[in-house]
Amino acid sequence: MRKLKKVALAATCAAVLGTTSVVNAANWLMLQGTEPADAAPRAKVWGFIQAKYEKNNSDPNAGGAYVPPKLVGPALTSQETFAINRARIGVRGTGMPLDGKVNYFFLAEFGNNGITQPGNNFVKVTDASITMNHIPGARIRVGLFKTPMSEEVYQGIAIFDYVNFTNFANQQLIERAPNDTYTSNVGAQTLPVGTSLNTFTKSVSAARDTGVQIFDTFKSGAWEHGYSVMIGNGNGLNMNDNDDNQDTYLYWSSEKVFSGKGPRRKGMKFYAWSQTGKRLLDNTNDATHNPKEYDRKRSGIGMKYLSKKYRFTFEYTKADGMIWLGPHTPTFDMNPNAPVGNGENGEASAWQVDFGWYIPGTKWELDARYDVYNRLENDTVFPGGANAGKGFETEWTTLTLGVQYHLNKKSRVTVNYAFRDVEAVDFGSGAGPNANLDGIDDIFAVQVTHIF
Amino acid sequence: MKSKIIKAIALLTLALSPFFYGNAIAADKSLADAKVVLQISDANPFKQTLVLNVAGNLVKAYGQDLVDIEIVAFGPGLRLLFADNANKGRISALAGSGVKFSACENTTRNMGKKLGHPPALNSKAVKVSAGVVRIVDLVKQGYILVKP
């Protein structure tokens, strides 16, 4: 009888403690693209919901009008809103469990954001991929999925430690696909907004593309190295190609693994990545469909250290070509009639540091992130006139302070306060672009995340 | 003289008999306090983790010399003993602690028909003709059946 009790106790303990399911190798290449070998279900339903409240404290320009950074996206009609930031549901697994060498990943977005808002889509497929794991060292993934890049964007967004992306990630990595035909810029708007400030007609890329990827991960002692080479349409979530050019995506990561597994594995990771491709843009206001090709390059390096109780990340990123200037400037030019403010061939760079402290013995986490983004670096300058020698380079600086309370491993409340400063560096207060950039102020946001 | 030799042989045999007898016992009966057969026949991969956790907890609770554990896999649960299974590291560690793993040959054969080839099994797995029969046999030998 005593034996039976002991056995029952062991079984109960295992049932309670064993709720962590088998996790595949803990890096984003593997977590998103593969399943645990011979231990994956036929169909695991999963997803997450993020409900938020956001208040933008920016002031209007001298005429009482607002530009997009002063409003809450994606609608850009208000400075204060409750919203379903993300609501995603997906299925993943292996269609034939006996053959663990093939797996799939499917995910759809129901939330209100740049993925669904253009065109008022009720739902949009964000991921639909198949991975074949037959060749040692060269797994093959095909379909629509996240492209390896900056850790901030590439990580599973449900565990992202802030409500909003850094300025660079938001503007240059969550890519906006140009409209098929010329669309005029929209000036600052008074509230309630008469003309929509969001003039893009297609979903943001959401850092995804349709294509084929070869990748794998290798262990070497305490280190884990991963690589990825991918070719895709370069057309985001649109699942087809709109030109004859493909994007090339390269990625490498090396991580010293301390302990644990899964998305919050403890370790120190270093990574580098690049994307190169071309985009079609019709930015000539001549009522003729005459798009031109422009180069688009993005690259970066970074590191992440996570060993609770501390987290530290650093990233440096660069952008060359197709510099997005806002949802109200679909031409990618601040002013199509001026030689300056040219985003099609512009350059940008950014860096960020992030620090997290998981207060021991509590469910509280404190976060702080500082990001600096230089847009239109070395922009063409006005050749003459009152603005001679000046360009439209703008510097975006944000300090975000955050508090997170983890209700449990799958649920948390995130409170952020972002101190923002934006200025056109060649112009004084109230002059040039600063007429609209002055007044961009802090953002307060609260978000509840629940993963299921 | 002849009777002395016979007597000596008889005494020698008698003297040595406990060693032979003792070895025979050791072969047939272990000294374990507990004997547990763990069944895995479920398709749910979570059960793979669970059954290995249970085995690990039993080893921890009793000590590896005082518990006999055999994990019998059949039906969809046989995937646990596939050669590339994500848990192969844990299986190897448990085997090192004396846990035995049995793979149902009937299931292996049927899976082979679906796959077009027999599945490669973990080297720690011992094939048994039928998983359920192995469980019945072990229960008859005094094992407690647990199906996590």
# chains A, B, ... in the order shown; residues from 1 in each chain; ligands from 1

call {"tool": "residues_around", "arguments": {"residues": "Asn103 (chain A)", "least_positions_apart": "4", "cutoff": "6 Å", "atoms": "only C-alpha atoms", "output": "number ranges by chain"}}
result
A: 93-94, 130-131

call {"tool": "write_last_selection", "arguments": {"atoms": "N, CA and C atoms", "output": "compact mmCIF listing (two decimals), in the first residue's frame"}}
result
# COMPACT_ATOMS: atom_id res chain seq x y z
N GLY A 93 2.13 22.06 -36.07
CA GLY A 93 2.34 20.66 -35.73
C GLY A 93 2.90 19.91 -36.92
N THR A 94 2.58 18.64 -36.94
CA THR A 94 3.02 17.82 -38.06
C THR A 94 1.84 17.01 -38.56
N ILE A 130 5.63 25.48 -44.46
CA ILE A 130 5.93 24.04 -44.31
C ILE A 130 7.44 23.91 -44.20
N THR A 131 7.90 23.13 -43.24
CA THR A 131 9.34 22.91 -43.07
C THR A 131 9.65 21.44 -43.32

call {"tool": "select_by_dssp", "arguments": {"residues": "region 214-378 of chain A", "states": "strand (DSSP E or B)", "output": "PyMOL selection string"}}
result
chain A and resi 214-220+223-232+247-259+266-281+292-307+310-320+333+342+347-358+364-375

call {"tool": "residues_around", "arguments": {"residues": "Leu98 (chain A)", "least_positions_apart": "6", "cutoff": "9 Å", "atoms": "only C-alpha atoms", "output": "mmCIF file with N, CA and C atoms, in the first residue's frame"}}
result
data_model
loop_
_atom_site.group_PDB
_atom_site.id
_atom_site.type_symbol
_atom_site.label_atom_id
_atom_site.label_comp_id
_atom_site.auth_asym_id
_atom_site.auth_seq_id
_atom_site.Cartn_x
_atom_site.Cartn_y
_atom_site.Cartn_z
ATOM 1 N N ASP A 38 9.494 14.013 -33.541
ATOM 2 C CA ASP A 38 8.659 12.886 -33.100
ATOM 3 C C ASP A 38 7.922 13.156 -31.787
ATOM 4 N N PRO B 76 0.210 4.795 -30.807
ATOM 5 C CA PRO B 76 0.815 6.100 -31.130
ATOM 6 C C PRO B 76 1.929 6.488 -30.160
ATOM 7 N N ARG B 79 6.022 6.561 -30.681
ATOM 8 C CA ARG B 79 6.862 7.666 -31.185
ATOM 9 C C ARG B 79 7.924 8.089 -30.164
ATOM 10 N N MET B 111 3.281 0.582 -38.247
ATOM 11 C CA MET B 111 3.771 1.916 -38.616
ATOM 12 C C MET B 111 4.643 1.834 -39.864
ATOM 13 N N LYS B 114 2.640 2.077 -42.966
ATOM 14 C CA LYS B 114 2.191 3.440 -43.297
ATOM 15 C C LYS B 114 3.340 4.298 -43.806
ATOM 16 N N LEU B 115 4.498 4.103 -43.191
ATOM 17 C CA LEU B 115 5.651 4.930 -43.567
ATOM 18 C C LEU B 115 6.327 4.451 -44.845
ATOM 19 N N PRO B 119 10.103 2.232 -38.791
ATOM 20 C CA PRO B 119 10.703 3.395 -38.128
ATOM 21 C C PRO B 119 11.987 2.999 -37.407
#

call {"tool": "closest_atom_pairs", "arguments": {"of": "chain B", "to": "chain A", "cutoff": "10 Å", "atoms": "only C-alpha atoms", "output": "Markdown table"}}
result
| residue | atom | partner | partner_atom | distance |
| --- | --- | --- | --- | --- |
| B:Asp33 | CA | A:Lys3 | CA | 7.8 |
| B:Ala34 | CA | A:Lys3 | CA | 6.4 |
| B:Lys35 | CA | A:Lys3 | CA | 9.1 |
| B:Val36 | CA | A:Val7 | CA | 8.0 |
| B:Ala43 | CA | A:Pro41 | CA | 7.6 |
| B:Asn44 | CA | A:Pro41 | CA | 6.3 |
| B:Pro45 | CA | A:Ala39 | CA | 4.9 |
| B:Phe46 | CA | A:Ser21 | CA | 5.6 |
| B:Lys47 | CA | A:Ser21 | CA | 8.9 |
| B:Gln48 | CA | A:Ala39 | CA | 7.4 |
| B:Thr49 | CA | A:Val22 | CA | 6.5 |
| B:Leu50 | CA | A:Gly18 | CA | 5.7 |
| B:Val51 | CA | A:Ala14 | CA | 7.9 |
| B:Leu52 | CA | A:Ala14 | CA | 8.5 |
| B:Asn53 | CA | A:Ala14 | CA | 5.2 |
| B:Val54 | CA | A:Ala11 | CA | 5.1 |
| B:Ala55 | CA | A:Ala10 | CA | 8.2 |
| B:Gly56 | CA | A:Ala14 | CA | 8.6 |
| B:Asn57 | CA | A:Ala10 | CA | 5.5 |
| B:Leu58 | CA | A:Ala10 | CA | 5.9 |
| B:Val59 | CA | A:Ala10 | CA | 9.4 |
| B:Lys60 | CA | A:Ala10 | CA | 9.2 |
| B:Ala61 | CA | A:Ala10 | CA | 7.6 |
| B:Tyr62 | CA | A:Lys6 | CA | 8.9 |
| B:Pro76 | CA | A:Leu98 | CA | 8.3 |
| B:Gly77 | CA | A:Ala39 | CA | 9.8 |
| B:Leu78 | CA | A:Leu98 | CA | 9.4 |
| B:Arg79 | CA | A:Asp38 | CA | 5.8 |
| B:Leu80 | CA | A:Asp38 | CA | 7.1 |
| B:Leu81 | CA | A:Asp38 | CA | 8.9 |
| B:Phe82 | CA | A:Asp38 | CA | 6.9 |
| B:Ala83 | CA | A:Asp38 | CA | 8.9 |
| B:Asp84 | CA | A:Ala37 | CA | 6.2 |
| B:Asn85 | CA | A:Asp38 | CA | 4.8 |
| B:Ala86 | CA | A:Ala37 | CA | 4.9 |
| B:Asn87 | CA | A:Val22 | CA | 7.8 |
| B:Lys88 | CA | A:Ala37 | CA | 9.7 |
| B:Met111 | CA | A:Leu98 | CA | 7.4 |
| B:Gly112 | CA | A:Leu98 | CA | 9.4 |
| B:Lys114 | CA | A:Leu98 | CA | 8.4 |
| B:Leu115 | CA | A:Leu98 | CA | 7.3 |
| B:Pro119 | CA | A:Leu98 | CA | 8.4 |
| B:Ile144 | CA | A:Leu4 | CA | 7.8 |
| B:Leu145 | CA | A:Val7 | CA | 9.8 |
| B:Val146 | CA | A:Ala11 | CA | 8.1 |
| B:Lys147 | CA | A:Ala11 | CA | 8.9 |
| B:Pro148 | CA | A:Ala11 | CA | 6.6 |

call {"tool": "atom_distance", "arguments": {"atom1": "CA of Ala350 (chain A)", "atom2": "CA of Tyr271 (chain A)"}}
result
16.1 Å

call {"tool": "residues_around", "arguments": {"residues": "Thr329 (chain A)", "least_positions_apart": "3", "cutoff": "6 Å", "atoms": "only C-alpha atoms", "output": "PyMOL selection string"}}
result
chain A and resi 185+326+332

call {"tool": "residues_around", "arguments": {"residues": "Thr201 (chain A)", "least_positions_apart": "4", "cutoff": "7 Å", "atoms": "only C-alpha atoms", "output": "compact mmCIF listing (two decimals) with N, CA and C atoms, in the first residue's frame"}}
result
# COMPACT_ATOMS: atom_id res chain seq x y z
N PRO A 118 -5.28 48.45 -43.34
CA PRO A 118 -5.47 48.88 -44.74
C PRO A 118 -6.49 47.97 -45.42
N GLY A 119 -7.55 48.56 -45.90
CA GLY A 119 -8.59 47.76 -46.54
C GLY A 119 -9.58 47.19 -45.56
N ASN A 179 1.96 52.03 -52.53
CA ASN A 179 0.74 51.83 -53.32
C ASN A 179 1.09 51.56 -54.78

call {"tool": "closest_residue", "arguments": {"among": "B:Asp68, B:Lys124, B:Gly63, B:Pro118", "to": "Gly142 (chain B)", "atoms": "only C-alpha atoms"}}
result
B:Asp68

call {"tool": "atom_distance", "arguments": {"atom1": "CA of Leu31 (chain B)", "atom2": "CA of Glu105 (chain B)"}}
result
29.3 Å

call {"tool": "residues_around", "arguments": {"residues": "region 447-451 of chain A", "least_positions_apart": "6", "cutoff": "12 Å", "atoms": "only C-alpha atoms", "output": "count of residues only"}}
result
46

call {"tool": "closest_residue", "arguments": {"among": "A:Gly63, A:Pro339, A:Thr34, A:Ile174", "to": "Phe105 (chain A)", "atoms": "only C-alpha atoms"}}
result
A:Thr34

call {"tool": "atom_distance", "arguments": {"atom1": "CA of Gly356 (chain A)", "atom2": "CA of Phe312 (chain A)"}}
result
6.4 Å

call {"tool": "select_by_dssp", "arguments": {"residues": "region 125-294 of chain A", "states": "alpha helix (DSSP H)", "output": "PyMOL selection string"}}
result
chain A and resi 151-154+167-168

call {"tool": "closest_residue", "arguments": {"among": "A:Gly234, A:Phe452, A:Gly194, A:Asp209", "to": "Val91 (chain A)", "atoms": "only C-alpha atoms"}}
result
A:Phe452

call {"tool": "decode", "arguments": {"residues": "region 120-173 of chain A", "atoms": "C-alpha atoms", "output": "mmCIF file, in the first residue's frame"}}
result
data_model
loop_
_atom_site.group_PDB
_atom_site.id
_atom_site.type_symbol
_atom_site.label_atom_id
_atom_site.label_comp_id
_atom_site.auth_asym_id
_atom_site.auth_seq_id
_atom_site.Cartn_x
_atom_site.Cartn_y
_atom_site.Cartn_z
ATOM 1 C CA ASN A 120 -10.338 47.035 -43.243
ATOM 2 C CA ASN A 121 -9.560 43.341 -43.405
ATOM 3 C CA PHE A 122 -11.418 41.309 -40.832
ATOM 4 C CA VAL A 123 -8.593 38.798 -40.765
ATOM 5 C CA LYS A 124 -5.262 38.412 -42.514
ATOM 6 C CA VAL A 125 -3.047 35.352 -42.789
ATOM 7 C CA THR A 126 0.404 36.210 -41.460
ATOM 8 C CA ASP A 127 2.103 32.818 -41.553
ATOM 9 C CA ALA A 128 1.552 29.709 -43.636
ATOM 10 C CA SER A 129 4.672 27.597 -43.957
ATOM 11 C CA ILE A 130 5.929 24.044 -44.311
ATOM 12 C CA THR A 131 9.336 22.910 -43.073
ATOM 13 C CA MET A 132 11.132 19.834 -44.382
ATOM 14 C CA ASN A 133 13.795 18.498 -42.041
ATOM 15 C CA HIS A 134 15.294 15.770 -44.210
ATOM 16 C CA ILE A 135 18.757 17.145 -44.929
ATOM 17 C CA PRO A 136 21.089 17.342 -41.929
ATOM 18 C CA GLY A 137 22.286 20.903 -41.540
ATOM 19 C CA ALA A 138 19.913 22.283 -44.165
ATOM 20 C CA ARG A 139 16.284 22.384 -43.162
ATOM 21 C CA ILE A 140 14.049 23.836 -45.846
ATOM 22 C CA ARG A 141 11.098 26.091 -45.030
ATOM 23 C CA VAL A 142 8.725 27.315 -47.725
ATOM 24 C CA GLY A 143 5.719 29.614 -47.677
ATOM 25 C CA LEU A 144 4.893 32.815 -45.803
ATOM 26 C CA PHE A 145 6.727 33.438 -42.536
ATOM 27 C CA LYS A 146 8.843 35.871 -40.532
ATOM 28 C CA THR A 147 12.150 36.814 -42.070
ATOM 29 C CA PRO A 148 15.142 36.522 -39.723
ATOM 30 C CA MET A 149 16.323 39.983 -38.668
ATOM 31 C CA SER A 150 16.516 42.315 -35.669
ATOM 32 C CA GLU A 151 15.759 40.466 -32.439
ATOM 33 C CA GLU A 152 13.228 43.149 -31.519
ATOM 34 C CA VAL A 153 11.073 42.253 -34.480
ATOM 35 C CA TYR A 154 12.039 38.624 -35.128
ATOM 36 C CA GLN A 155 11.241 37.357 -31.650
ATOM 37 C CA GLY A 156 7.812 35.923 -30.939
ATOM 38 C CA ILE A 157 5.935 39.175 -30.528
ATOM 39 C CA ALA A 158 3.791 37.796 -27.717
ATOM 40 C CA ILE A 159 6.818 37.978 -25.409
ATOM 41 C CA PHE A 160 7.962 41.437 -26.589
ATOM 42 C CA ASP A 161 8.671 43.422 -23.428
ATOM 43 C CA TYR A 162 7.178 46.740 -24.592
ATOM 44 C CA VAL A 163 3.865 47.893 -26.025
ATOM 45 C CA ASN A 164 5.353 49.767 -28.994
ATOM 46 C CA PHE A 165 8.343 49.133 -31.227
ATOM 47 C CA THR A 166 11.354 51.421 -31.350
ATOM 48 C CA ASN A 167 11.083 54.185 -33.943
ATOM 49 C CA PHE A 168 13.399 52.437 -36.411
ATOM 50 C CA ALA A 169 11.668 49.070 -36.135
ATOM 51 C CA ASN A 170 8.276 50.675 -36.535
ATOM 52 C CA GLN A 171 9.257 52.784 -39.517
ATOM 53 C CA GLN A 172 11.863 50.737 -41.369
ATOM 54 C CA LEU A 173 11.453 47.066 -40.410
#
